[in-house]
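Working notes, structure below.
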There are 2 protein chains.
Amino acid sequence: MGKAEAKDIFSDYVREKGLRNTRQREAILETFLSSGKHITVEDLYNSLRRKTPGIGYATVHRNLKLLCESGLANEIKVGTDKARFEIKYGHEHHDHLICIRCGRFIEVKDERIERLQDKLAEANDFVPVRHNKCFGRSRKGA
Amino acid sequence: MGKAEAKDIFSDYVREKGLRNTRQREAILETFLSSGKHITVEDLYNSLRRKTPGIGYATVHRNLKLLCESGLANEIKVGTDKARFEIKYGHEHHDHLICIRCGRFIEVKDERIERLQDKLAEANDFVPVRHNKCFGRSRKGA
DNA sequence: ACAATAATGATAATTGTTATCATTAAAACA
DNA sequence: TGTTTTAATGATAACAATTATCATTATTGT
C-alpha cells in the first residue's frame with residue numbers, strides 16, 4: 001500500500017523546505033495513513049493521543065495542512081462542517097456524493113464530467129485546480 | 001425584472017407560514033434585489049443601514065435564511081469563507097467558477113455536466129439536491 | 001557538545017454563525 | 001379603535017472551528 005513511500009515523500013518534502021522531521025510528524029503521518037477515509041482533525045487527534053500522549057491539537061492540525069501542501073493529503077470542506085482530510089497519495093482523483101440528511105459520504109468518478117469541467121473552466125479562462133462535492137439525499141439514508 | 005412578483009411571493013410565503021410581514025423584511029428583500037450578485041450578510045447589512053438605520057445584523061442574517069427557505073434566494077458556501085447569497089427567483093440554475101487567488105467569481109452552465117451529474121447521483125442511490133462550485137486559478141486574475 | 005532556530009503544546013484570539021432574551025410591533029379580534 | 005397575542009427585532013452572548021501567540025523543547029548543522 002505504499003506506506004513507506006509516502007513516509008519518504010513527506011520526509012523529503014519537509015527536509016527540502018528547510019523544516020525538520022520530528023517524532024510527532026512521523027506519528028501523525030503513520031496514524032493518518034492507517035486511518036479510515038475522510039477523517040477530521042479531531043478524529044486524528046484522538047487516535048494519536050493513545051500512541052503519542054501529550055501530542056497537541058494544534059500540532060495535528062498544522063501537520064495535516066502540511067501534508068496537504070506536500071500533496072499527500074487532501075482537504076475536503078463541506079459547508080461549515082469540520083474540515084476532513086483524505087489520503088491523496090496512491091489514490092486517484094474522485095468526487096464525493098454526500099447525503100445532506102444522513103451524512104452518507106461516497107466517492108464517485110466520471111471521466112466525462114471531469115473532461116467537461118476542465119473544458120468549461122478553460123473556456124472561461126480558468127486553470128482548474130479543484131472542484132467540490134455534490135449533495136443529495138441518499139435513498140439508502142439512515 | 002420581476003421585483004414586484006418576488007415581493008409578493010415572499011410576502012405570501014411569510015403569511016402562509018404564520019409569520020409576519022415587517023418593514024425590516026421588506027427593506028431586506030428590496031435591498032437584496034437591488035444588490036449585486038453573491039452578496040454577503042455583511043455587505044447587505046452595510047447597505048441596509050443607510051436606508052434602514054437601526055436594523056440589526058441578526059435580522060439581516062435571519063431573513064436571508066428565510067429568503068432561501070422561500071426559494072427566492074440561494075446560499076453559496078465556499079470553504080470557510082463567509083456565506084454568500086444570490087437571487088434565485090427569475091435566474092436559472094448555474095454553477096460557479098471561483099479563482100482561489102483573486103476571488104474572481106463567475107457563473108457557468110453546461111447542460112451535459114448537469115445531466116451527467118444527475119445520472120451519477122441516481123446511479124448511486126442519491127437524489128441530487130445541489131452541487132458545489134469549481135475552484136481554479138483565473139488567467140484574468142488580479 | 002553547542003548554537004541556531006524550527007516545532008511543539010497550551011492557550012488565547014479570531015471569525016462567522018447562531019442562540020438568547022427583553023422589548024417592540026404586527027395581525028387578529030372584541 | 002383598543003386590546004390581546006405572539007412573532008420579530010436588535011443587542012449581545014455563546015458557540016465552534018480554525019488560526020495565532022509564545023515560552024519551552026528538540027532537531028539539525030557545525
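Identifiers for the C-alpha cells are assigned positionally: chains receive A, B, ... in sequence, residues are indexed from 1 per chain, and ligands are indexed from 1 in the order shown.
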Which residues in region 6-139 of chain B does DSSP call helix (DSSP H, G or I)? List them as an NGL selection string.
:B and (6-16 or 23-34 or 41-51 or 57-70 or 111-123)
With a distance threshold of 9 Å and counting only C-alpha atoms (C1' of nucleotides), extract the residues of chain B near chain C and express them as a ChimeraX atom specification.
/B:20-22,58,61,80-83
So which residues touch Asn46 (chain A) within 12 Å, counting only C-alpha atoms (C1' of nucleotides), skipping near sequence neighbours fewer than 6 positions away, as JSON, numbers by chain?
{"A": [28, 31, 32, 35, 39, 40, 52, 53, 54, 55, 56, 57, 60]}
Please write out chain B, superposed on chain A by least squares over all C-alpha atoms matched in order, as a PDB file with C-alpha atoms, in the first residue's frame.
ATOM      1  CA  MET B   1      -0.021  -0.014   0.017  1.00  0.00           C
ATOM      2  CA  GLY B   2       2.992   2.240  -0.187  1.00  0.00           C
ATOM      3  CA  LYS B   3       3.116   3.455   3.385  1.00  0.00           C
ATOM      4  CA  ALA B   4       6.895   3.484   3.336  1.00  0.00           C
ATOM      5  CA  GLU B   5       6.987   5.489   0.117  1.00  0.00           C
ATOM      6  CA  ALA B   6       4.554   8.012   1.534  1.00  0.00           C
ATOM      7  CA  LYS B   7       6.725   8.405   4.594  1.00  0.00           C
ATOM      8  CA  ASP B   8       9.799   8.940   2.460  1.00  0.00           C
ATOM      9  CA  ILE B   9       8.035  11.505   0.325  1.00  0.00           C
ATOM     10  CA  PHE B  10       6.916  13.459   3.366  1.00  0.00           C
ATOM     11  CA  SER B  11      10.255  13.211   5.058  1.00  0.00           C
ATOM     12  CA  ASP B  12      11.970  14.490   1.914  1.00  0.00           C
ATOM     13  CA  TYR B  13       9.427  17.256   1.493  1.00  0.00           C
ATOM     14  CA  VAL B  14      10.001  18.411   5.052  1.00  0.00           C
ATOM     15  CA  ARG B  15      13.772  18.314   4.699  1.00  0.00           C
ATOM     16  CA  GLU B  16      13.751  20.131   1.371  1.00  0.00           C
ATOM     17  CA  LYS B  17      11.677  22.930   2.840  1.00  0.00           C
ATOM     18  CA  GLY B  18      14.277  23.394   5.548  1.00  0.00           C
ATOM     19  CA  LEU B  19      11.912  22.001   8.152  1.00  0.00           C
ATOM     20  CA  ARG B  20      12.578  19.200  10.594  1.00  0.00           C
ATOM     21  CA  ASN B  21      11.411  15.648  10.939  1.00  0.00           C
ATOM     22  CA  THR B  22       9.969  15.085  14.370  1.00  0.00           C
ATOM     23  CA  ARG B  23       8.503  12.093  16.121  1.00  0.00           C
ATOM     24  CA  GLN B  24       5.132  13.879  16.163  1.00  0.00           C
ATOM     25  CA  ARG B  25       5.188  14.349  12.404  1.00  0.00           C
ATOM     26  CA  GLU B  26       6.034  10.703  11.928  1.00  0.00           C
ATOM     27  CA  ALA B  27       3.283   9.604  14.304  1.00  0.00           C
ATOM     28  CA  ILE B  28       0.761  11.863  12.603  1.00  0.00           C
ATOM     29  CA  LEU B  29       1.511  10.512   9.148  1.00  0.00           C
ATOM     30  CA  GLU B  30       1.620   6.920  10.382  1.00  0.00           C
ATOM     31  CA  THR B  31      -1.753   7.180  12.085  1.00  0.00           C
ATOM     32  CA  PHE B  32      -3.241   9.185   9.231  1.00  0.00           C
ATOM     33  CA  LEU B  33      -2.231   6.502   6.740  1.00  0.00           C
ATOM     34  CA  SER B  34      -3.816   3.825   8.921  1.00  0.00           C
ATOM     35  CA  SER B  35      -7.025   5.752   9.403  1.00  0.00           C
ATOM     36  CA  GLY B  36     -10.248   5.504   7.490  1.00  0.00           C
ATOM     37  CA  LYS B  37     -11.187   7.921   4.781  1.00  0.00           C
ATOM     38  CA  HIS B  38     -12.346  11.478   5.330  1.00  0.00           C
ATOM     39  CA  ILE B  39     -10.997  11.953   8.815  1.00  0.00           C
ATOM     40  CA  THR B  40     -11.327  15.188  10.779  1.00  0.00           C
ATOM     41  CA  VAL B  41      -8.573  16.874  12.782  1.00  0.00           C
ATOM     42  CA  GLU B  42     -10.413  15.850  15.902  1.00  0.00           C
ATOM     43  CA  ASP B  43     -10.670  12.203  14.841  1.00  0.00           C
ATOM     44  CA  LEU B  44      -6.979  12.026  14.143  1.00  0.00           C
ATOM     45  CA  TYR B  45      -6.130  13.881  17.341  1.00  0.00           C
ATOM     46  CA  ASN B  46      -8.121  11.378  19.360  1.00  0.00           C
ATOM     47  CA  SER B  47      -6.505   8.401  17.649  1.00  0.00           C
ATOM     48  CA  LEU B  48      -3.066   9.838  18.199  1.00  0.00           C
ATOM     49  CA  ARG B  49      -3.458  10.557  21.888  1.00  0.00           C
ATOM     50  CA  ARG B  50      -3.478   6.838  22.595  1.00  0.00           C
ATOM     51  CA  LYS B  51      -0.155   6.186  20.906  1.00  0.00           C
ATOM     52  CA  THR B  52       1.478   9.574  21.353  1.00  0.00           C
ATOM     53  CA  PRO B  53       0.300  10.977  24.671  1.00  0.00           C
ATOM     54  CA  GLY B  54       0.784  14.676  25.097  1.00  0.00           C
ATOM     55  CA  ILE B  55       0.456  15.474  21.425  1.00  0.00           C
ATOM     56  CA  GLY B  56      -1.313  18.769  20.864  1.00  0.00           C
ATOM     57  CA  TYR B  57      -4.336  19.557  18.760  1.00  0.00           C
ATOM     58  CA  ALA B  58      -2.535  22.423  17.058  1.00  0.00           C
ATOM     59  CA  THR B  59       0.296  20.122  16.045  1.00  0.00           C
ATOM     60  CA  VAL B  60      -2.101  17.676  14.437  1.00  0.00           C
ATOM     61  CA  HIS B  61      -3.846  20.503  12.647  1.00  0.00           C
ATOM     62  CA  ARG B  62      -0.620  22.095  11.461  1.00  0.00           C
ATOM     63  CA  ASN B  63       0.713  18.836  10.132  1.00  0.00           C
ATOM     64  CA  LEU B  64      -2.438  17.884   8.295  1.00  0.00           C
ATOM     65  CA  LYS B  65      -2.095  21.194   6.500  1.00  0.00           C
ATOM     66  CA  LEU B  66       1.528  20.417   5.779  1.00  0.00           C
ATOM     67  CA  LEU B  67       0.562  16.998   4.443  1.00  0.00           C
ATOM     68  CA  CYS B  68      -1.813  18.720   2.041  1.00  0.00           C
ATOM     69  CA  GLU B  69       0.929  21.080   1.000  1.00  0.00           C
ATOM     70  CA  SER B  70       3.218  18.156   0.294  1.00  0.00           C
ATOM     71  CA  GLY B  71       0.577  16.649  -1.969  1.00  0.00           C
ATOM     72  CA  LEU B  72       0.076  13.540   0.146  1.00  0.00           C
ATOM     73  CA  ALA B  73      -3.259  14.592   1.567  1.00  0.00           C
ATOM     74  CA  ASN B  74      -6.312  16.456   0.468  1.00  0.00           C
ATOM     75  CA  GLU B  75      -8.629  18.698   2.412  1.00  0.00           C
ATOM     76  CA  ILE B  76     -12.357  18.342   1.911  1.00  0.00           C
ATOM     77  CA  LYS B  77     -14.566  21.163   3.026  1.00  0.00           C
ATOM     78  CA  VAL B  78     -18.290  20.672   3.230  1.00  0.00           C
ATOM     79  CA  GLY B  79     -20.225  23.822   3.988  1.00  0.00           C
ATOM     80  CA  THR B  80     -19.326  24.973   7.474  1.00  0.00           C
ATOM     81  CA  ASP B  81     -18.707  21.469   8.735  1.00  0.00           C
ATOM     82  CA  LYS B  82     -15.334  20.511  10.071  1.00  0.00           C
ATOM     83  CA  ALA B  83     -12.646  20.080   7.474  1.00  0.00           C
ATOM     84  CA  ARG B  84     -11.950  16.501   6.511  1.00  0.00           C
ATOM     85  CA  PHE B  85      -8.730  15.063   5.207  1.00  0.00           C
ATOM     86  CA  GLU B  86      -8.090  12.147   2.925  1.00  0.00           C
ATOM     87  CA  ILE B  87      -5.006  10.404   1.619  1.00  0.00           C
ATOM     88  CA  LYS B  88      -4.145  11.535  -1.874  1.00  0.00           C
ATOM     89  CA  TYR B  89      -0.978   9.540  -2.405  1.00  0.00           C
ATOM     90  CA  GLY B  90      -1.759   6.406  -4.384  1.00  0.00           C
ATOM     91  CA  HIS B  91      -5.392   7.417  -4.811  1.00  0.00           C
ATOM     92  CA  GLU B  92      -6.601   8.912  -8.022  1.00  0.00           C
ATOM     93  CA  HIS B  93      -8.800  11.959  -8.257  1.00  0.00           C
ATOM     94  CA  HIS B  94     -12.440  11.481  -7.414  1.00  0.00           C
ATOM     95  CA  ASP B  95     -15.444  13.489  -6.336  1.00  0.00           C
ATOM     96  CA  HIS B  96     -17.785  12.941  -3.439  1.00  0.00           C
ATOM     97  CA  LEU B  97     -21.472  12.417  -3.013  1.00  0.00           C
ATOM     98  CA  ILE B  98     -22.644  13.495   0.409  1.00  0.00           C
ATOM     99  CA  CYS B  99     -26.043  12.938   1.945  1.00  0.00           C
ATOM    100  CA  ILE B 100     -27.350  16.114   3.541  1.00  0.00           C
ATOM    101  CA  ARG B 101     -29.482  14.057   5.892  1.00  0.00           C
ATOM    102  CA  CYS B 102     -27.506  11.061   7.092  1.00  0.00           C
ATOM    103  CA  GLY B 103     -23.999  12.112   6.130  1.00  0.00           C
ATOM    104  CA  ARG B 104     -23.360   9.105   3.856  1.00  0.00           C
ATOM    105  CA  PHE B 105     -20.176  10.072   2.067  1.00  0.00           C
ATOM    106  CA  ILE B 106     -19.029   8.152  -1.013  1.00  0.00           C
ATOM    107  CA  GLU B 107     -16.425   8.555  -3.694  1.00  0.00           C
ATOM    108  CA  VAL B 108     -17.421   8.766  -7.338  1.00  0.00           C
ATOM    109  CA  LYS B 109     -15.695   9.401 -10.621  1.00  0.00           C
ATOM    110  CA  ASP B 110     -16.922  10.116 -14.099  1.00  0.00           C
ATOM    111  CA  GLU B 111     -14.352  10.866 -16.761  1.00  0.00           C
ATOM    112  CA  ARG B 112     -16.881  12.584 -18.974  1.00  0.00           C
ATOM    113  CA  ILE B 113     -17.835  15.013 -16.220  1.00  0.00           C
ATOM    114  CA  GLU B 114     -14.189  15.680 -15.478  1.00  0.00           C
ATOM    115  CA  ARG B 115     -13.449  16.448 -19.105  1.00  0.00           C
ATOM    116  CA  LEU B 116     -16.477  18.685 -19.512  1.00  0.00           C
ATOM    117  CA  GLN B 117     -15.650  20.582 -16.347  1.00  0.00           C
ATOM    118  CA  ASP B 118     -12.116  21.195 -17.510  1.00  0.00           C
ATOM    119  CA  LYS B 119     -13.360  22.436 -20.861  1.00  0.00           C
ATOM    120  CA  LEU B 120     -15.932  24.682 -19.228  1.00  0.00           C
ATOM    121  CA  ALA B 121     -13.312  26.189 -16.967  1.00  0.00           C
ATOM    122  CA  GLU B 122     -10.932  26.778 -19.822  1.00  0.00           C
ATOM    123  CA  ALA B 123     -13.630  28.288 -22.010  1.00  0.00           C
ATOM    124  CA  ASN B 124     -14.102  30.869 -19.290  1.00  0.00           C
ATOM    125  CA  ASP B 125     -10.424  31.578 -18.842  1.00  0.00           C
ATOM    126  CA  PHE B 126     -10.026  29.542 -15.719  1.00  0.00           C
ATOM    127  CA  VAL B 127      -7.260  27.081 -15.003  1.00  0.00           C
ATOM    128  CA  PRO B 128      -9.063  24.330 -13.120  1.00  0.00           C
ATOM    129  CA  VAL B 129      -7.646  23.621  -9.688  1.00  0.00           C
ATOM    130  CA  ARG B 130     -10.330  21.752  -7.860  1.00  0.00           C
ATOM    131  CA  HIS B 131     -14.048  21.253  -7.724  1.00  0.00           C
ATOM    132  CA  ASN B 132     -16.392  20.367  -4.983  1.00  0.00           C
ATOM    133  CA  LYS B 133     -18.743  17.700  -3.846  1.00  0.00           C
ATOM    134  CA  CYS B 134     -22.296  16.992  -4.767  1.00  0.00           C
ATOM    135  CA  PHE B 135     -24.993  16.940  -2.147  1.00  0.00           C
ATOM    136  CA  GLY B 136     -28.109  14.892  -2.225  1.00  0.00           C
ATOM    137  CA  ARG B 137     -30.349  12.704  -0.199  1.00  0.00           C
ATOM    138  CA  SER B 138     -29.273   9.105   0.011  1.00  0.00           C
ATOM    139  CA  ARG B 139     -31.906   6.484  -0.634  1.00  0.00           C
ATOM    140  CA  LYS B 140     -29.866   4.261   1.651  1.00  0.00           C
ATOM    141  CA  GLY B 141     -29.964   6.982   4.273  1.00  0.00           C
ATOM    142  CA  ALA B 142     -30.126   6.291   7.993  1.00  0.00           C
TER     143      ALA B 142
END
Mind the document's chain letters and residue numbers, and return as a ChimeraX atom specification the residues of chain A that DSSP labels strand (DSSP E).
/A:39-40,73-76,84-87,95-99,105-108,126-131,134-138
List every residue of chain D that has an atom at most 12 Å from any atom of chain B, and for each one report the closest atom pair and its distance in Å to one decimal, counting only C-alpha atoms (C1' of nucleotides), with rows sorted by chain and then by increasing residue number, as a Markdown table.
| residue | atom | partner | partner_atom | distance |
| --- | --- | --- | --- | --- |
| D:DT6 | C1' | B:Leu19 | CA | 10.1 |
| D:DA7 | C1' | B:Leu19 | CA | 6.5 |
| D:DA8 | C1' | B:Thr22 | CA | 7.8 |
| D:DT9 | C1' | B:Thr59 | CA | 6.8 |
| D:DG10 | C1' | B:Gly56 | CA | 5.1 |
| D:DA11 | C1' | B:Gly56 | CA | 8.1 |
| D:DT12 | C1' | B:Ala58 | CA | 10.4 |
| D:DA17 | C1' | B:Thr80 | CA | 9.3 |
| D:DT18 | C1' | B:Thr80 | CA | 9.2 |
